[in-house]
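Participant: Structure in structure tokens, see below.
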Amino acid sequence: MTDQTPKIVEPTIFDLSSPGRTGVTFPAADVPVAALPPEHLLRSDLPLPELAEVDVVRHYMRLSKFNYSVDSGFYPLGSCTMKYNPKIDEDTCRLPGFVYTHPLQPIETVQGNLALMHTLQEWLKEISGFAAVTLQPAAGAHGEFTGVLMMAAYHKSRGDTKRTKMLIPDAAHGTNPASVGMLGMTVQQIPSDARGNVDLEKLKAACDDTVVGMMLTNPNTLGLFDEHVEEVIKLVHDCGGLMYGDGANLNALLGIVRPGDVGFDVMHFNLHKTFAVPHGGGGPGSGPVGVAAHLADFLPEPLVGIIEEGEGDEAPLFGFVKPQKSIGRMKAFHGHFGGGFVRAFTYIALHGAEGLKDIAQYAVLNANYLQARLRDTYRVPFDRICMHEFVAEGRFEGSDVRALDIAKRLMDYNFHPPTNYFPLIVHEALMIEPTETENKDTLDAFADALIQIAQEAKTDPDLLHNAPSTTLFGRMDEVKAARELVLCCWLPENYSEA
Amino acid sequence: MTYIPISPKERDTMLKTVGVKSLDDLFEAVPARHRFPALDLPPALTEMEAAQYLGEIADHNETVRGDLISFLGAGMYNHYIPSVIDHMLRRGEFYTAYTPYQPEISQGTLQAIFEYQSLMTALTGMELSNASHYDGATATAEAVNLAFAQFRGKRAKVVVSPAVHPQYRAVIRTYTQGMGVEVAGDDLAIGDQLSVSGLETLIDENTSLVIVQYPDFFGRVHDYTNLIETAHGRGALVCVVANPTALAIFKTPGEMGADVVVGEGQPLGLPLWFGGPSLGFFTTRKQYVHKMAGRLVGETVDNKGQRAYVLTLTAREQHIKRERATSNICTNQGLLALASAIYLSVLGKNGLKQVANLCYQKAHYAAGALNKLKGYKVSSELFFHEFTLECPQPASEVNAHLLEHGILGGYDLGQDYPALKNHLLVAVTEMNSKEEIDLLAETLAEANHD
């Protein structure tokens with residue numbers, strides 16, 4: 001079988017190329033021709049495809065149809081907050097006033113952008129209870145890296161150099177330890193207790209004067225709010241450590257509780273989760289970071305600040321400021337302005353305080369409703385009122401059906417599967433996050449499908465092992481991909497001008 | 001506005017199923033004294049009001065399309081973006097999907113990234129590309145991580161040319177502050193002719209990576225073949241930060257022998273958007289694939305014998321390796337990689353060459369015109385679409401004069417290179433007409449009389 005030439009469902013853009021076809025043309029030069037540099041400095045060939053515009057449109061239209069998306073259906077991917085993305089955001093972020101501004105323009109010419117960024121900083125501070133916010137980090141993981149750099153810089157500035165150990169619960173996202181690894185710190189894993197909280201005794205034992213801090217996702221990746229969060233924070237603070245909040249699950253907390261009030265020192269936001277910036281097939285994200293007052297001087301540069309107060313009714317002059325002990329720059333320019341800030345700003349403006357609280361409440365209601373409908377069919381190992389998501393086990397007594405099979409079978413019912421095999425502390429985990437933008441009919445249909453699948457697991461397990469069977473593409477040969485490592489349409493050494 | 005599609009009656013039914021009386025009862029695990037804070041935010045807007053409000057904010061900017069004539073580049077360039085790109089990006093199937101973890105129902109994203117990887121490989125003359133990084137600066141910092149991992153941390157020095165974008169150098173410093181890496185070279189003196197000397201002498205047996213820019217921050221095109229040979233002779237790798245438009249006509253860094261080629265993808269069909277989001281491309285050679293960070297799409301077959309694509313070599317990544325991962329990255333710039341792939345597809349071989357040629361021609365016309373002005377001098381070295389202009393007075397004053405006449409003059413090099421306070425970095429693209437260039441020359445001539 002594997003020796004057969006694979007069937008091609010959609011040719012690549014290189015396969016579709018035909019020499020001499022033209023997509024876009026540009027005006028002829030309106031200036032006298034200058035000689036190009038000597039040949040040895042030029043490339044001999046540019047092996048790009050040649051297509052007409054219609055060829056390109058049809059190709060990408062066909063590709064788009066191979067995708068499942070929030071716009072086409074329910075996408076309960078735990079920890080990813082795949083909520084509906086309001087269409088108005090797509091229009092506001094494309095306003096010419098935003099699109100056609102260069103990041104290095106004089107500040108006097110971009111007061112609209114700077115006012116928007118400053119206001120967004122203020123709103124995020126208010127929502128989270130932090131003293132200062134940087135918008136610069138490009139994604140959640142980038143925000144985490146920013147936060148950990150600031151924690152390290154804080155201890156260093158106090159001459160406290162023995163702190164090299166980060167405490168991370170066993171339920172944490174993989175990005176937490178990876179961010180710490182980028183700084184050469186060590187990770188000490190803290191187990192969860194029987195109710196899915198941080199194990200206080202184990203934490204107590206780990207707290208000493210080598211602790212940089214603790215990275216806690218709360219609600220955690222089991223979808224549970226830590227019932228002892230204030231004690232956890234106190235233990236970490238008492239040994240001189242700082243408390244990092246992973247804001248991945250902030251959707252459950254909007255208007256419910258502010259992480260800054262509870263005692264977190266630093267937290268990243270995921271504008272692409274909580275504030276409905278679309279995920280774009282894997283980016284761009286946007287990962288602003290909020291900090292308590294004692295960390296504000298360490299924020300990355302630059303921040304947007306008020307350079308000059310306006311007189312009377314006049315708007316102030318906004319500009320860039322550098323925090324005193326800044327860790328430096330996290331990326332070029334100012335962050336994900338167009339795709340991230342404008343959309344998130346629009347979203348918050350549309351909701352106001354009450355609207356944000358509704359988001360959290362309904363996200364939590366939807367998750368609890370699904371949990372209630374499914375707990376008799378799928379074991380929920382940490383079974384209590386959950387927040388915006390919950391984790392069930394995708395396995396059945398005496399059956400060889402696994403979480404993966406259930407996930408794949410859901411595709412036959414036209415649903416995107418939940419996150420599976422995460423968090424690592426639950427066997428065959430199915431992590432389900434419905435978000436607030438799903439109606440009861442959809443949730444019921446999804447619960448019915450999962451209950452039906454549990455039945456199928458008993459009566460016809462192969463239906464699950466071979467799933468999905470109704471989708472255009474079936475299960476993939478992942479081993480072949482990793483072994484042969486074909487990473488581009490053409491091999492440079494084989495390319496010749498056709 | 002609300003986007004919650006649940007009626008009060010449905011809500012009550014659901015609460016009953018859950019076994020609580022009210023929505024507030026769902027939050028008893030939250031410390032009571034901190035529960036339900038009153039947030040001080042402006043009242044919610046309707047869609048109509050929000051559209052108007054955002055429109056007003058946007059109107060407080062002066063744009064490079066309509067308000068100002070721009071000669072500003074320095075890392076982001078005002079290019080024409082064909083209409084077809086945004087029409088495709090607005091497909092909900094693309095922009096409302098997540099990272100393609102479920103390949104059976106994500107082949108659109110996966111094949112698009114695979115094609116993006118192929119296009120970037122073709123453009124840079126390298127062997128493979130990842131699915132992209134956040135931007136050019138962070139892609140450059142990831143090259144440092146690759147080299148550090150390649151030598152298992154035993155070569156602690158990274159040599160960075162001072163003619164690499166100042167913000168990229170700043171990001172490298174931020175990224176490496178906990179790694180025990182010495183960043184050398186970026187404080188080398190910039191000579192009168194913007195010459196950078198002494199870079200080669202810094203490369204030694206302790207150097208893991210040498211970073212240069214192509215064209216460099218001053219817009220100049222150098223053939224790095226000899227430098228790369230020298231670096232390789234001392235066992236170091238070389239990363240070239242390249243402008244992708246320039247690669248349409250100039251010799252590729254791949255041909256020069258570079259080990260890693262990275263850069264800012266914004267010129268490839270992405271809007272300026274006040275600096276982001278854009279993408280950072282990252283291409284390298286096969287032997288470094290396991291040390292490279294970022295997502296990677298590979299070809300395979302499905303169980304029906306169809307050609308298909310999956311995320312591959314995921315064992316390098318954070319969700320498996322955790323603190324031993326190559327990087328903490330868990331996204332790429334998916335939608336923007338798609339945009340760049342469409343840009344390269346629809347322009348194709350001839351369109352991209354045409355854009356690069358127009359940039360080259362117009363920039364050279366501008367350089368010729370400005371060099372003739374009394375008191376101004378253009379660097380005589382080979383450049384692509386950006387060049388340095390020595391002015392008779394501080395660049396900041398020249399820029400202020402130009403702005404009064406509706407012109408964004410260029411980047412004031414004195415901000416990063418104190419010795420160059422009279423120097424402007426002027427960028428010219430296909431968007432600049434001869435009239436605009438002539439107006440720039442006239443206005444600069446006036447500035448000298450001020």
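Chain labels run A, B, ... following the order of the structure tokens; each chain numbers its residues from 1, and ligands are numbered from 1 in the order shown.
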Could you give me, as a PDB file with C-alpha atoms, in the first residue's frame, the residues within 8 Å of Thr2 of chain B, counting only C-alpha atoms and dropping anything in the same chain fewer than 2 positions from it?
Facilitator:
ATOM      1  CA  LEU A 350     -18.927  46.190  23.019  1.00  0.00           C
ATOM      2  CA  HIS A 351     -19.308  44.402  26.355  1.00  0.00           C
ATOM      3  CA  GLY A 355     -21.191  42.092  29.449  1.00  0.00           C
TER       4      GLY A 355
ATOM      5  CA  ILE B   4     -24.379  34.710  24.073  1.00  0.00           C
TER       6      ILE B   4
END
Participant: With only C-alpha atoms as the counted atoms, please give the residues lying no more than 8 Å from segment 294-298 of chain B, apart from itself and same-chain residues fewer than 5 positions off, as number ranges by chain.
Facilitator: A: 481-482, 485-488; B: 110, 113-114, 129-133, 309-314, 317, 327, 329-332
Participant: What's around segment 52-68 of chain B at 7 Å? Count only C-alpha atoms, leave out sequence neighbours fewer than 4 positions away in its own chain, and write the answer as a list in words.
Facilitator: Thr92, Leu95, Gly97, Phe98, Tyr100, Thr101, Thr109, Val110, Gln111, Gly112 and Asn113 of chain A; Met48, Gly406, Ile407 and Leu408 of chain B
Participant: Name the residues of segment 393-445 of chain B that fall into alpha helix (DSSP H) according to DSSP on the backbone, using the chain letters and numbers of this document, as a PyMOL selection string.
Facilitator: chain B and resi 395-404+434-445
Participant: Excluding Glu227 of chain A and any residue of its chain fewer than 6 positions from it, enumerate the residues within 8 Å of it, using only C-alpha atoms, and give them as number ranges by chain.
Facilitator: A: 197; B: 29-31
Participant: Selection from above, C-alpha atoms, as a compact mmCIF listing (two decimals), in the first residue's frame, can you write it?
Facilitator:
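Output file selection_22.txt follows:
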# COMPACT_ATOMS: atom_id res chain seq x y z
CA ASN A 197 -6.18 21.79 44.04
CA ALA B 29 -14.79 28.31 45.10
CA VAL B 30 -13.75 31.93 44.54
CA PRO B 31 -12.74 33.73 47.77
Participant: Report the distance between atom CA of Tyr60 of chain A and atom CA of Met88 of chain B in Å, rounded to one decimal place.
Facilitator: 7.0 Å
Participant: Just the residues within 9 Å of Leu23 of chain B, please, counting only C-alpha atoms, with nothing from its chain fewer than 5 positions along; format it as JSON, numbers by chain.
Facilitator: {"A": [361, 362, 364, 365], "B": [11, 15]}
Participant: Please list as a VMD selection string every residue within 12 Å of Glu442 of chain B, counting only C-alpha atoms and excluding residues in the same chain fewer than 2 positions away.
Facilitator: chain B and resid 366 369 to 370 372 to 374 401 to 402 405 407 435 to 440 444 to 449
Participant: Please, could you write that set of residues out with N, CA and C atoms as a PDB file, in the first residue's frame?
Facilitator:
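Ended up saving to part.pdb:
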ATOM      1  N   ALA B 366      15.824  58.168  -6.627  1.00  0.00           N
ATOM      2  CA  ALA B 366      15.762  59.069  -5.473  1.00  0.00           C
ATOM      3  C   ALA B 366      17.167  59.385  -4.965  1.00  0.00           C
ATOM      4  N   ALA B 369      18.808  61.869  -7.202  1.00  0.00           N
ATOM      5  CA  ALA B 369      18.236  63.215  -7.071  1.00  0.00           C
ATOM      6  C   ALA B 369      18.694  63.872  -5.767  1.00  0.00           C
ATOM      7  N   LEU B 370      18.708  63.119  -4.679  1.00  0.00           N
ATOM      8  CA  LEU B 370      19.055  63.703  -3.379  1.00  0.00           C
ATOM      9  C   LEU B 370      20.551  63.990  -3.281  1.00  0.00           C
ATOM     10  N   LYS B 372      22.379  65.092  -5.494  1.00  0.00           N
ATOM     11  CA  LYS B 372      22.699  66.326  -6.207  1.00  0.00           C
ATOM     12  C   LYS B 372      22.415  67.569  -5.375  1.00  0.00           C
ATOM     13  N   LEU B 373      21.623  67.402  -4.320  1.00  0.00           N
ATOM     14  CA  LEU B 373      21.228  68.568  -3.515  1.00  0.00           C
ATOM     15  C   LEU B 373      22.421  69.089  -2.741  1.00  0.00           C
ATOM     16  N   LYS B 374      22.510  70.389  -2.681  1.00  0.00           N
ATOM     17  CA  LYS B 374      23.600  71.030  -1.946  1.00  0.00           C
ATOM     18  C   LYS B 374      23.517  70.668  -0.463  1.00  0.00           C
ATOM     19  N   HIS B 401      10.886  69.378   9.320  1.00  0.00           N
ATOM     20  CA  HIS B 401      10.569  70.225   8.167  1.00  0.00           C
ATOM     21  C   HIS B 401       9.746  69.443   7.132  1.00  0.00           C
ATOM     22  N   LEU B 402      10.172  68.217   6.868  1.00  0.00           N
ATOM     23  CA  LEU B 402       9.460  67.395   5.881  1.00  0.00           C
ATOM     24  C   LEU B 402       8.025  67.126   6.331  1.00  0.00           C
ATOM     25  N   HIS B 405       5.471  69.491   5.578  1.00  0.00           N
ATOM     26  CA  HIS B 405       5.038  69.428   4.176  1.00  0.00           C
ATOM     27  C   HIS B 405       4.404  68.084   3.827  1.00  0.00           C
ATOM     28  N   ILE B 407       5.411  65.001   4.536  1.00  0.00           N
ATOM     29  CA  ILE B 407       6.321  63.923   4.123  1.00  0.00           C
ATOM     30  C   ILE B 407       6.930  63.246   5.343  1.00  0.00           C
ATOM     31  N   GLU B 435       6.845  61.807  -8.910  1.00  0.00           N
ATOM     32  CA  GLU B 435       6.416  63.115  -8.371  1.00  0.00           C
ATOM     33  C   GLU B 435       6.724  63.208  -6.876  1.00  0.00           C
ATOM     34  N   GLU B 436       6.432  62.137  -6.161  1.00  0.00           N
ATOM     35  CA  GLU B 436       6.691  62.150  -4.714  1.00  0.00           C
ATOM     36  C   GLU B 436       8.184  62.293  -4.427  1.00  0.00           C
ATOM     37  N   ILE B 437       8.980  61.577  -5.220  1.00  0.00           N
ATOM     38  CA  ILE B 437      10.433  61.644  -5.021  1.00  0.00           C
ATOM     39  C   ILE B 437      10.944  63.050  -5.332  1.00  0.00           C
ATOM     40  N   ASP B 438      10.431  63.637  -6.419  1.00  0.00           N
ATOM     41  CA  ASP B 438      10.841  64.999  -6.785  1.00  0.00           C
ATOM     42  C   ASP B 438      10.440  66.000  -5.700  1.00  0.00           C
ATOM     43  N   LEU B 439       9.241  65.763  -5.131  1.00  0.00           N
ATOM     44  CA  LEU B 439       8.781  66.647  -4.054  1.00  0.00           C
ATOM     45  C   LEU B 439       9.686  66.514  -2.827  1.00  0.00           C
ATOM     46  N   LEU B 440      10.110  65.289  -2.543  1.00  0.00           N
ATOM     47  CA  LEU B 440      11.033  65.078  -1.425  1.00  0.00           C
ATOM     48  C   LEU B 440      12.311  65.874  -1.651  1.00  0.00           C
ATOM     49  N   LEU B 444      13.591  68.928   0.630  1.00  0.00           N
ATOM     50  CA  LEU B 444      14.888  68.820   1.313  1.00  0.00           C
ATOM     51  C   LEU B 444      15.772  70.021   0.958  1.00  0.00           C
ATOM     52  N   ALA B 445      15.709  70.428  -0.308  1.00  0.00           N
ATOM     53  CA  ALA B 445      16.503  71.590  -0.730  1.00  0.00           C
ATOM     54  C   ALA B 445      16.112  72.815   0.090  1.00  0.00           C
ATOM     55  N   GLU B 446      14.802  72.972   0.304  1.00  0.00           N
ATOM     56  CA  GLU B 446      14.321  74.088   1.127  1.00  0.00           C
ATOM     57  C   GLU B 446      14.837  73.993   2.556  1.00  0.00           C
ATOM     58  N   ALA B 447      14.827  72.765   3.060  1.00  0.00           N
ATOM     59  CA  ALA B 447      15.213  72.565   4.464  1.00  0.00           C
ATOM     60  C   ALA B 447      16.602  73.117   4.706  1.00  0.00           C
ATOM     61  N   ASN B 448      17.454  72.993   3.700  1.00  0.00           N
ATOM     62  CA  ASN B 448      18.834  73.464   3.837  1.00  0.00           C
ATOM     63  C   ASN B 448      18.904  74.988   3.919  1.00  0.00           C
ATOM     64  N   HIS B 449      17.878  75.673   3.434  1.00  0.00           N
ATOM     65  CA  HIS B 449      17.891  77.132   3.499  1.00  0.00           C
ATOM     66  C   HIS B 449      17.293  77.649   4.788  1.00  0.00           C
TER      67      HIS B 449
END
Participant: With distances taken over only C-alpha atoms, which residue among A:Ala445, A:Asp460, A:His102, A:Pro381 lies nearest Gln266 of chain B?
Facilitator: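 Ranking A:Ala445, A:Asp460, A:His102, A:Pro381 by distance to Gln266 of chain B, first place goes to A:His102.
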Participant: As a tab-separated table (two decimals) with N, CA and C atoms, in the first residue's frame, please: the residues near segment 201-212 of chain A (cut-off 9 Å, only C-alpha atoms, same-chain neighbours under 3 positions excluded).
Facilitator:
chain	number	residue	atom	x	y	z
A	148	VAL	N	8.43	35.62	33.28
A	148	VAL	CA	9.50	34.90	33.98
A	148	VAL	C	10.79	35.74	33.97
A	151	MET	N	10.41	38.24	36.70
A	151	MET	CA	10.58	37.64	38.03
A	151	MET	C	12.07	37.48	38.34
A	152	ALA	N	12.81	37.01	37.35
A	152	ALA	CA	14.26	36.83	37.54
A	152	ALA	C	14.93	38.19	37.78
A	155	HIS	N	14.31	39.56	41.42
A	155	HIS	CA	15.17	38.97	42.46
A	155	HIS	C	16.61	39.48	42.32
A	161	THR	N	20.36	36.27	44.74
A	161	THR	CA	20.84	35.51	43.57
A	161	THR	C	20.71	33.99	43.70
A	162	LYS	N	20.28	33.49	44.88
A	162	LYS	CA	20.23	32.03	44.97
A	162	LYS	C	18.92	31.45	44.43
A	163	ARG	N	18.02	32.30	43.96
A	163	ARG	CA	16.72	31.78	43.53
A	163	ARG	C	16.78	31.25	42.10
A	164	THR	N	16.67	29.93	41.96
A	164	THR	CA	16.80	29.31	40.64
A	164	THR	C	15.70	28.29	40.37
A	165	LYS	N	14.78	28.16	41.29
A	165	LYS	CA	13.81	27.06	41.20
A	165	LYS	C	12.40	27.61	41.00
A	166	MET	N	11.72	27.12	39.95
A	166	MET	CA	10.33	27.54	39.72
A	166	MET	C	9.41	26.39	40.09
A	167	LEU	N	8.38	26.69	40.84
A	167	LEU	CA	7.40	25.68	41.22
A	167	LEU	C	6.27	25.68	40.19
A	185	MET	N	16.47	28.05	34.46
A	185	MET	CA	16.05	27.75	35.83
A	185	MET	C	15.64	26.28	35.90
A	188	GLN	N	10.47	22.56	39.71
A	188	GLN	CA	10.02	21.55	40.67
A	188	GLN	C	8.51	21.40	40.51
A	190	ILE	N	4.80	20.37	41.40
A	190	ILE	CA	3.98	20.25	42.61
A	190	ILE	C	2.72	19.46	42.26
A	191	PRO	N	2.47	18.36	42.97
A	191	PRO	CA	1.31	17.53	42.62
A	191	PRO	C	-0.02	18.19	43.01
A	192	SER	N	-1.09	17.68	42.42
A	192	SER	CA	-2.44	18.14	42.78
A	192	SER	C	-3.00	17.20	43.84
A	198	VAL	N	-3.89	22.55	44.28
A	198	VAL	CA	-2.47	22.37	44.58
A	198	VAL	C	-2.37	21.68	45.94
A	232	VAL	N	-2.11	29.21	48.89
A	232	VAL	CA	-1.01	28.90	47.97
A	232	VAL	C	-0.14	30.14	47.77
A	235	LEU	N	1.92	31.04	50.88
A	235	LEU	CA	3.11	30.17	51.06
A	235	LEU	C	4.25	30.62	50.15
A	236	VAL	N	3.91	30.92	48.90
A	236	VAL	CA	4.96	31.32	47.95
A	236	VAL	C	5.54	32.69	48.34
A	238	ASP	N	5.58	34.00	51.32
A	238	ASP	CA	6.30	33.91	52.59
A	238	ASP	C	7.73	33.42	52.42
A	239	CYS	N	7.98	32.63	51.38
A	239	CYS	CA	9.36	32.20	51.17
A	239	CYS	C	10.09	33.13	50.21
A	240	GLY	N	9.47	34.25	49.89
A	240	GLY	CA	10.14	35.25	49.06
A	240	GLY	C	9.92	35.09	47.58
A	241	GLY	N	9.07	34.13	47.21
A	241	GLY	CA	8.82	33.89	45.78
A	241	GLY	C	7.72	34.79	45.24
A	242	LEU	N	7.63	34.85	43.93
A	242	LEU	CA	6.60	35.63	43.25
A	242	LEU	C	5.57	34.68	42.63
A	243	MET	N	4.39	35.19	42.47
A	243	MET	CA	3.30	34.34	41.98
A	243	MET	C	2.94	34.71	40.55
Participant: Looking at only C-alpha atoms, which of A:Lys7, A:His427, A:His294, A:His334 is the one that sits closest to Gln306 of chain B?
Facilitator: A:Lys7
Participant: Separation of atom CA of Lys377 of chain B and atom CA of Leu188 of chain B, in Å?
Facilitator: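 Computing it gives 23.4 Å between the two atoms.
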Participant: Can you list, as a VMD selection string, all residues belonging to segment 221-298 of chain A that DSSP tags as strand (DSSP E or B)?
Facilitator: chain A and resid 242 to 246 266 to 268 289 to 291
Participant: Please report the interatomic distance between atom CA of Ile307 of chain A and atom CA of Gly319 of chain A in Å with one decimal.
Facilitator: 5.7 Å
Participant: For a quick check of understanding, using only C-alpha atoms, which of A:Phe333, A:Phe225, A:Tyr347, A:Phe145 has the smallest distance to Pro86 of chain A?
Facilitator: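 Smallest separation from Pro86 of chain A among the options: A:Tyr347.
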